[in-house]
Amino acid sequence: MRWVVRLAVLALLMAIPFIVNEYRVGLVAQILIFGLAAASLNVLVGVAGLPSLGHAAFFGVGGYAAGLTAIHLTQSVWVCLIMAALVGAVLAVPAGLLSVRLGGITFLMLSLAIAEILYSASETWRDVTGGSDGLSGIPSLELFPGFALDLVVERYYFVVVIFAVLYMVLRRFVDSPTGWSLRGVTSNSERMASMGYDVNRYRFVAYVVAGVVGAVAGGLNVEYSRFASPEDLGFALSSLLLVIVILGGRKRLEGAIIAAAIIVYIRQELSSQFNTWEFGLGLILVLVIYFLPGGLSGVRDQVVKALARRRALRVKTTEGGTP
Amino acid sequence: MSDYLFTFVNGLARGLLLFTMAAGLSLLFGVMRVLNLAHGAIVLAGGYVAVTLTARATGMGLIEALPIALVVGALIGTALYFAVKPLLHRDHLDQGLLTLGFAFIFADIAELFWGTQVYSPPPPDFLNRSIELLGGSYPLYRLVVVGVGIVIAVAIFVVFERTRLGAILRAAVSDREMVAAVGFRVPLIMGGVFAGASALAALGGVIGAPIVGVRLGLDTETLILALVVIVIGGLGSLKGALIGALLVGQVQTLGILLLPQASAFLLFGVMAIVLIFKPAGLFGETVK
Amino acid sequence: MTDSATSNDALTDEPLLRLTGVSKVFGTVAAVKNVNLDVRPGEHRALIGPNGAGKSTLFKLVTGQLPPTDGSIVFGGDDVSGWPAFRRARVGMAMTFQHSNLFDDLTVRENVTLAVQRQRGRAGRVLTPLRREREVHERVAVLLEESKLSVHADRPAGALAHGQRRRVEIALAYATEPRLLLLDEPAAGMSPGEIEDFLDLLLSRPNLTFVMIEHNIDLVMRIASSISVLDAGEIIAEGPPASIVASEAVQVAYLGSAGKGTAQ
């Protein structure tokens, strides 16, 4: 069943370029890229219980790493993405060591501060980053020497493939013993320690995994859009990613993808009509916090539970028992 | 030499302004465990109050703006309190995110009224000049900001350390259940802290308006600086917020003068060093 | 790091746990003063004393939740004084908390699974799904059966009754295959029936060494092989149950103040 759904989604994604125009293909690519970044953030926020308001730090750093590699070193898309992952790890290791032992609100503030510092660094280091104009002149990346990903469709398919692979990696991670250990740490870290778990080590692993995947999502964004700017590191993107996670529901990874689709679509519609959409983002956040504390996957879980209860009730009544 | 002195005074002015803004944020967290991510938006609202009133060219705009901003801030704070109240039993992240949502909504509404331009409302006429200082010329208004900042800081500490209200607040920071158990009217205290913290933030927005430039984006910038301040100082500690604010003020001015290339990392460096040695901040308690 | 089940604790006469001159000072208050305590393998030690005597603090020093101000704690030959709690747990120290402290939002099965996967050295695996760790799940099923929790396996731990939660606590401790189990007021708040179920489970491993803080003196007399009495942070008496009950110091410090009706 799980695999039927997965293959159906993959088939749909593969068919997208045949169904909609190039502009909409770009929107779907953006959904997948933001969805991947949000899923990696969900590992941190939902699974490991570490609320980050600075995940764009990894997204942006990965983007710059991929872009600068393409400009100065090689156009190989593989090298670019690996560089994005490496730089993501280089950031995640010290930042993680510093912040995972803090936990809670201090963690959130620190995550915000780290992203903000990288944001201003990207504006200040004009020689390297192009400052606030962004990093332009990124060439098309090459799948292998001589085959550049020039066309929208080619770039889109590459996004789909990397998205599918990394989403599965995250899925595996979340379902693994380590993923469950992280749920335990989130639920009751004192108890975990009393059972022999080095709590901060698990938090650190989650931090690095989330950071590296977030950085690759940023690299993927540069592969698709051939552009990186300080905005990729900014507070607006960090909050956007966090809103996607909250709307999707902290408990489930797939919620982040669906929420990314909704948010990207709404952003698109509002921006084109009103030139701004922060109002919409804020409203979504407020409504979700008040009325959907578990996000979309919380709704899903409640529906499933209600159905199961009705079924159980029906079985009981047919057996002639009293409820 | 006077360069350094002026930079130091600039940093002092910034630091004291920052304390006016961060003190409320820290206290709000200490008393209620609510992280108010709309705090920067309230500072900006204060700034816009100043912008609107100085536009009338009475020569006194900024001074008229002070009481109005206090009221506006207190009203916003009260409204926020009632908005957050139903969520107080929930995860702290939820409360923070709710206020973040309000901050986004505010930003768009503000853009509707004031656009995206940068305003620098003039100081009141009688303060709008430079004075001779150690062979250089220095804007009088900045010195006034330092003076007013010191007055506000002293007032905050007097209220916190010397009054009955302050005693209740201090007790609430260290043990909230106890305060509830003793029978104080917790909702009133919490609502009051929200209103007071927000009034202070708006006040900071007015006083700082001629110096920092009122614009969209100031909200986020201020919020982040204030968060850095209270992380360095320790959540819920006013003394920590003061030390943190003065430190950040100097890092932002003296640091840029001395190490312009590394200025972005200086702030981070200071915070990282503090957190490595004191994970709960300079004056924070180690309990979560 | 020695994982425990195979060790030969019972064959030696060395103490499994030795506290030497252990003290804990909070500010100016000494909660635990110069405590010396030996627990031999197989012992069922009860730690009694009036409220505020420092029993729970002493426990936290042993498990590593609090750092001692002074003194040394040796467990199974290792000086664990400076070790964090998780490291002590790994060499075979387990505990149950005074107020049961479970993963309330996870099911009972998931609770126990977390303990088992750690003990089996699987907890750090990152890319194989937990559901495929058959060995872990088999062990979980045995533990659930043993603690009579199988019927509740798929309920969230937060939804269980008090006595059931206590049994989950024990199941979590057993899952780590401990050499020493520290029980902080395990019977508090239990009905007599729940206490019997609990004792069945606790005594189902008769060779397990445990130290138990308990206020229920009848219970202590039933299962303790020796008793230490703590008063105002100091050990004031130690010995087999019968001699402790007879001891005058204990009657004054503890039984008297607990209003047991012993004549003054």
# chains A, B, ... in the order shown; residues from 1 in each chain; ligands from 1
>>> select_by_dssp(residues="range 9-159 of chain C", states="alpha helix (DSSP H)", output="NGL selection string")
:C and (55-63 or 85-90 or 108-119 or 134-146)
>>> interface_residues(of="chain B", to="chain A", cutoff="9 Å", atoms="only C-alpha atoms", output="ChimeraX atom specification")
/B:35,86-87,92-95,97-109,220-221,224-225,227-228,231,235,261-265,267-268,271-272,275-276,279-280,288
>>> residues_around(residues="Ile257 in chain A", least_positions_apart="3", cutoff="8 Å", atoms="only C-alpha atoms", output="MDAnalysis selection string")
chainID A and resid 31:32 35:36 38:39 248 253:254 260:261
>>> residues_around(residues="Val161 in chain A", least_positions_apart="5", cutoff="10 Å", atoms="only C-alpha atoms", output="mmCIF file with C-alpha atoms, in the first residue's frame")
data_model
loop_
_atom_site.group_PDB
_atom_site.id
_atom_site.type_symbol
_atom_site.label_atom_id
_atom_site.label_comp_id
_atom_site.auth_asym_id
_atom_site.auth_seq_id
_atom_site.Cartn_x
_atom_site.Cartn_y
_atom_site.Cartn_z
ATOM 1 C CA LEU A 10 6.274 9.568 -8.489
ATOM 2 C CA LEU A 13 5.468 14.007 -10.764
ATOM 3 C CA MET A 14 6.989 12.452 -13.878
ATOM 4 C CA TYR A 156 12.758 19.536 -13.339
ATOM 5 C CA LEU A 166 16.445 12.206 -0.302
ATOM 6 C CA TYR A 167 12.855 12.031 0.850
#
>>> closest_atom_pairs(of="chain A", to="chain C", cutoff="10 Å", atoms="only C-alpha atoms", output="CSV")
residue,atom,partner,partner_atom,distance
A:Val169,CA,C:Leu127,CA,7.5
A:Leu170,CA,C:Leu127,CA,8.9
A:Arg171,CA,C:Leu127,CA,9.0
A:Arg172,CA,C:Leu127,CA,5.4
A:Phe173,CA,C:Val126,CA,5.3
A:Val174,CA,C:Val126,CA,8.2
A:Asp175,CA,C:Pro129,CA,5.0
A:Ser176,CA,C:Pro129,CA,4.1
A:Pro177,CA,C:Leu130,CA,4.9
A:Thr178,CA,C:Gly124,CA,5.2
A:Gly179,CA,C:Val126,CA,7.3
A:Trp180,CA,C:Leu114,CA,7.3
A:Ser181,CA,C:Leu114,CA,6.5
A:Leu182,CA,C:Ala123,CA,9.8
A:Arg183,CA,C:Leu106,CA,8.6
A:Gly184,CA,C:Phe103,CA,6.7
A:Val185,CA,C:Phe103,CA,9.0
A:Thr186,CA,C:Phe103,CA,9.1
A:Ser187,CA,C:Phe103,CA,5.6
A:Asn188,CA,C:Phe103,CA,5.8
A:Ser189,CA,C:Phe103,CA,9.2
A:Glu190,CA,C:Asn101,CA,8.6
A:Arg191,CA,C:Asn101,CA,6.8
A:Met192,CA,C:Phe86,CA,7.9
A:Ala193,CA,C:Phe86,CA,4.5
A:Ser194,CA,C:Phe86,CA,5.6
A:Met195,CA,C:Ala89,CA,5.7
A:Gly196,CA,C:Phe86,CA,4.1
A:Tyr197,CA,C:Phe86,CA,5.5
A:Asp198,CA,C:Phe86,CA,5.8
A:Val199,CA,C:Phe86,CA,8.2
A:Arg201,CA,C:Gly124,CA,9.7
A:Tyr202,CA,C:Gly124,CA,8.1
A:Val205,CA,C:Val126,CA,9.5
>>> write_last_selection(atoms="N, CA and C atoms", output="compact mmCIF listing (two decimals), in the first residue's frame")
# COMPACT_ATOMS: atom_id res chain seq x y z
N VAL A 169 15.44 8.78 2.01
CA VAL A 169 16.50 8.72 3.03
C VAL A 169 15.97 9.27 4.36
N LEU A 170 15.29 10.43 4.30
CA LEU A 170 14.74 11.01 5.52
C LEU A 170 13.70 10.09 6.15
N ARG A 171 12.86 9.53 5.29
CA ARG A 171 11.82 8.60 5.74
C ARG A 171 12.47 7.44 6.52
N ARG A 172 13.51 6.87 5.92
CA ARG A 172 14.22 5.77 6.56
C ARG A 172 14.80 6.20 7.89
N PHE A 173 15.39 7.38 7.88
CA PHE A 173 16.02 7.88 9.10
C PHE A 173 14.97 8.00 10.22
N VAL A 174 13.81 8.55 9.85
CA VAL A 174 12.77 8.78 10.84
C VAL A 174 12.21 7.46 11.38
N ASP A 175 12.16 6.43 10.50
CA ASP A 175 11.63 5.13 10.92
C ASP A 175 12.68 4.25 11.58
N SER A 176 13.93 4.68 11.55
CA SER A 176 15.01 3.84 12.07
C SER A 176 15.02 3.86 13.59
N PRO A 177 15.77 2.95 14.21
CA PRO A 177 15.91 3.03 15.67
C PRO A 177 16.36 4.41 16.14
N THR A 178 17.23 5.06 15.38
CA THR A 178 17.65 6.41 15.78
C THR A 178 16.47 7.39 15.75
N GLY A 179 15.63 7.27 14.71
CA GLY A 179 14.44 8.13 14.63
C GLY A 179 13.55 7.94 15.85
N TRP A 180 13.36 6.69 16.23
CA TRP A 180 12.53 6.41 17.42
C TRP A 180 13.22 6.90 18.68
N SER A 181 14.54 6.74 18.73
CA SER A 181 15.26 7.27 19.89
C SER A 181 15.00 8.77 20.01
N LEU A 182 14.98 9.45 18.88
CA LEU A 182 14.75 10.90 18.91
C LEU A 182 13.36 11.22 19.43
N ARG A 183 12.37 10.40 19.04
CA ARG A 183 11.02 10.63 19.59
C ARG A 183 11.04 10.48 21.10
N GLY A 184 11.80 9.47 21.55
CA GLY A 184 11.93 9.27 22.99
C GLY A 184 12.58 10.47 23.66
N VAL A 185 13.61 11.00 23.03
CA VAL A 185 14.31 12.17 23.59
C VAL A 185 13.35 13.35 23.67
N THR A 186 12.55 13.54 22.62
CA THR A 186 11.59 14.63 22.61
C THR A 186 10.55 14.44 23.70
N SER A 187 10.11 13.20 23.86
CA SER A 187 9.05 12.92 24.82
C SER A 187 9.54 13.06 26.25
N ASN A 188 10.74 12.55 26.55
CA ASN A 188 11.19 12.51 27.94
C ASN A 188 12.70 12.25 27.96
N SER A 189 13.47 13.33 27.91
CA SER A 189 14.92 13.14 27.77
C SER A 189 15.54 12.59 29.05
N GLU A 190 14.98 12.91 30.20
CA GLU A 190 15.51 12.40 31.47
C GLU A 190 15.40 10.88 31.51
N ARG A 191 14.25 10.38 31.09
CA ARG A 191 14.03 8.95 31.07
C ARG A 191 14.98 8.27 30.09
N MET A 192 15.18 8.91 28.94
CA MET A 192 16.10 8.33 27.95
C MET A 192 17.50 8.19 28.55
N ALA A 193 17.95 9.23 29.25
CA ALA A 193 19.28 9.17 29.86
C ALA A 193 19.35 8.03 30.87
N SER A 194 18.26 7.85 31.62
CA SER A 194 18.28 6.81 32.64
C SER A 194 18.28 5.42 32.02
N MET A 195 17.97 5.32 30.74
CA MET A 195 18.04 4.03 30.06
C MET A 195 19.34 3.88 29.27
N GLY A 196 20.24 4.83 29.43
CA GLY A 196 21.55 4.69 28.81
C GLY A 196 21.75 5.46 27.51
N TYR A 197 20.78 6.31 27.17
CA TYR A 197 20.93 7.08 25.94
C TYR A 197 21.73 8.36 26.19
N ASP A 198 22.72 8.60 25.34
CA ASP A 198 23.42 9.88 25.35
C ASP A 198 22.56 10.86 24.54
N VAL A 199 21.68 11.54 25.25
CA VAL A 199 20.61 12.32 24.61
C VAL A 199 21.16 13.33 23.60
N ARG A 201 23.86 13.34 21.93
CA ARG A 201 24.47 12.76 20.74
C ARG A 201 23.38 12.52 19.69
N TYR A 202 22.21 12.03 20.15
CA TYR A 202 21.13 11.80 19.20
C TYR A 202 20.63 13.11 18.62
N VAL A 205 23.03 14.20 15.96
CA VAL A 205 22.88 13.46 14.71
C VAL A 205 21.71 14.03 13.91
>>> closest_residue(among="C:Ala249, C:Leu208, C:Pro15, C:Gly163", to="Leu230 in chain C", atoms="only C-alpha atoms")
C:Ala249
>>> residues_around(residues="Ser228 in chain C", least_positions_apart="2", cutoff="10 Å", atoms="only C-alpha atoms", output="list in words")
Leu37, Arg45, Ala46, Leu47, Ile48, Gly49, Val211, Ile213, Ser226, Leu230, Asp231, Ile235, Ile236, Ala237, Glu238, Gly239, Pro240, Pro241, Ile244 and Val250 of chain C
>>> write_last_selection(atoms="C-alpha atoms", output="compact mmCIF listing (two decimals), in the first residue's frame")
# COMPACT_ATOMS: atom_id res chain seq x y z
CA LEU C 37 27.12 2.70 52.03
CA ARG C 45 18.30 -3.02 50.55
CA ALA C 46 15.65 -0.66 51.83
CA LEU C 47 16.48 2.96 52.49
CA ILE C 48 14.15 4.48 55.03
CA GLY C 49 13.96 7.73 56.90
CA VAL C 211 17.92 -0.50 46.69
CA ILE C 213 13.24 3.97 49.15
CA SER C 226 18.73 -5.25 55.00
CA LEU C 230 18.84 7.99 56.75
CA ASP C 231 18.10 10.98 58.97
CA ILE C 235 23.08 7.11 57.87
CA ILE C 236 22.11 6.54 61.49
CA ALA C 237 21.58 2.79 61.46
CA GLU C 238 22.10 -0.18 59.23
CA GLY C 239 21.41 -3.88 59.53
CA PRO C 240 18.91 -6.68 59.09
CA PRO C 241 15.24 -5.65 59.35
CA ILE C 244 16.58 -2.01 62.77
CA VAL C 250 15.59 4.56 64.57
>>> atom_distance(atom1="CA of Ile16 in chain A", atom2="CA of Asn221 in chain A")
18.3 Å
>>> residues_around(residues="Gln268 in chain A", least_positions_apart="5", cutoff="9 Å", atoms="only C-alpha atoms", output="PyMOL selection string")
chain A and resi 27+263+273+277
>>> atom_distance(atom1="CA of Leu259 in chain B", atom2="CA of Tyr4 in chain B")
13.2 Å
>>> residues_around(residues="Val93 in chain A", least_positions_apart="2", cutoff="12 Å", atoms="only C-alpha atoms", output="PyMOL selection string")
chain A and resi 58+86-91+95-100+201+203-212
>>> write_last_selection(atoms="C-alpha atoms", output="PDB file, in the first residue's frame")
ATOM      1  CA  PHE A  58      21.486  25.519   5.618  1.00  0.00           C
ATOM      2  CA  LEU A  86      29.774  19.147   2.643  1.00  0.00           C
ATOM      3  CA  VAL A  87      29.415  22.835   3.388  1.00  0.00           C
ATOM      4  CA  GLY A  88      26.106  22.079   5.100  1.00  0.00           C
ATOM      5  CA  ALA A  89      27.932  19.562   7.286  1.00  0.00           C
ATOM      6  CA  VAL A  90      30.768  21.993   7.981  1.00  0.00           C
ATOM      7  CA  LEU A  91      28.167  24.456   9.273  1.00  0.00           C
ATOM      8  CA  ALA A  95      26.481  24.901  15.174  1.00  0.00           C
ATOM      9  CA  GLY A  96      25.035  21.598  16.352  1.00  0.00           C
ATOM     10  CA  LEU A  97      27.678  21.059  19.022  1.00  0.00           C
ATOM     11  CA  LEU A  98      26.918  24.526  20.343  1.00  0.00           C
ATOM     12  CA  SER A  99      23.153  24.445  20.243  1.00  0.00           C
ATOM     13  CA  VAL A 100      21.796  20.933  20.850  1.00  0.00           C
ATOM     14  CA  ARG A 201      24.466  12.762  20.744  1.00  0.00           C
ATOM     15  CA  ARG A 203      20.059  15.428  18.978  1.00  0.00           C
ATOM     16  CA  PHE A 204      23.352  16.214  17.292  1.00  0.00           C
ATOM     17  CA  VAL A 205      22.876  13.461  14.709  1.00  0.00           C
ATOM     18  CA  ALA A 206      19.408  14.830  13.904  1.00  0.00           C
ATOM     19  CA  TYR A 207      20.830  18.328  13.631  1.00  0.00           C
ATOM     20  CA  VAL A 208      23.497  17.270  11.160  1.00  0.00           C
ATOM     21  CA  VAL A 209      21.109  15.143   9.075  1.00  0.00           C
ATOM     22  CA  ALA A 210      18.605  17.999   8.894  1.00  0.00           C
ATOM     23  CA  GLY A 211      21.360  20.474   8.069  1.00  0.00           C
ATOM     24  CA  VAL A 212      22.927  18.397   5.311  1.00  0.00           C
TER      25      VAL A 212
END
>>> select_by_dssp(residues="range 111-244 of chain B", states="strand (DSSP E or B)", output="PyMOL selection string")
chain B and resi 119+130-133+136-139+214
>>> closest_residue(among="B:Arg33, B:Gly217, B:Pro210, B:Gly15", to="Gly115 in chain B", atoms="only C-alpha atoms")
B:Gly217
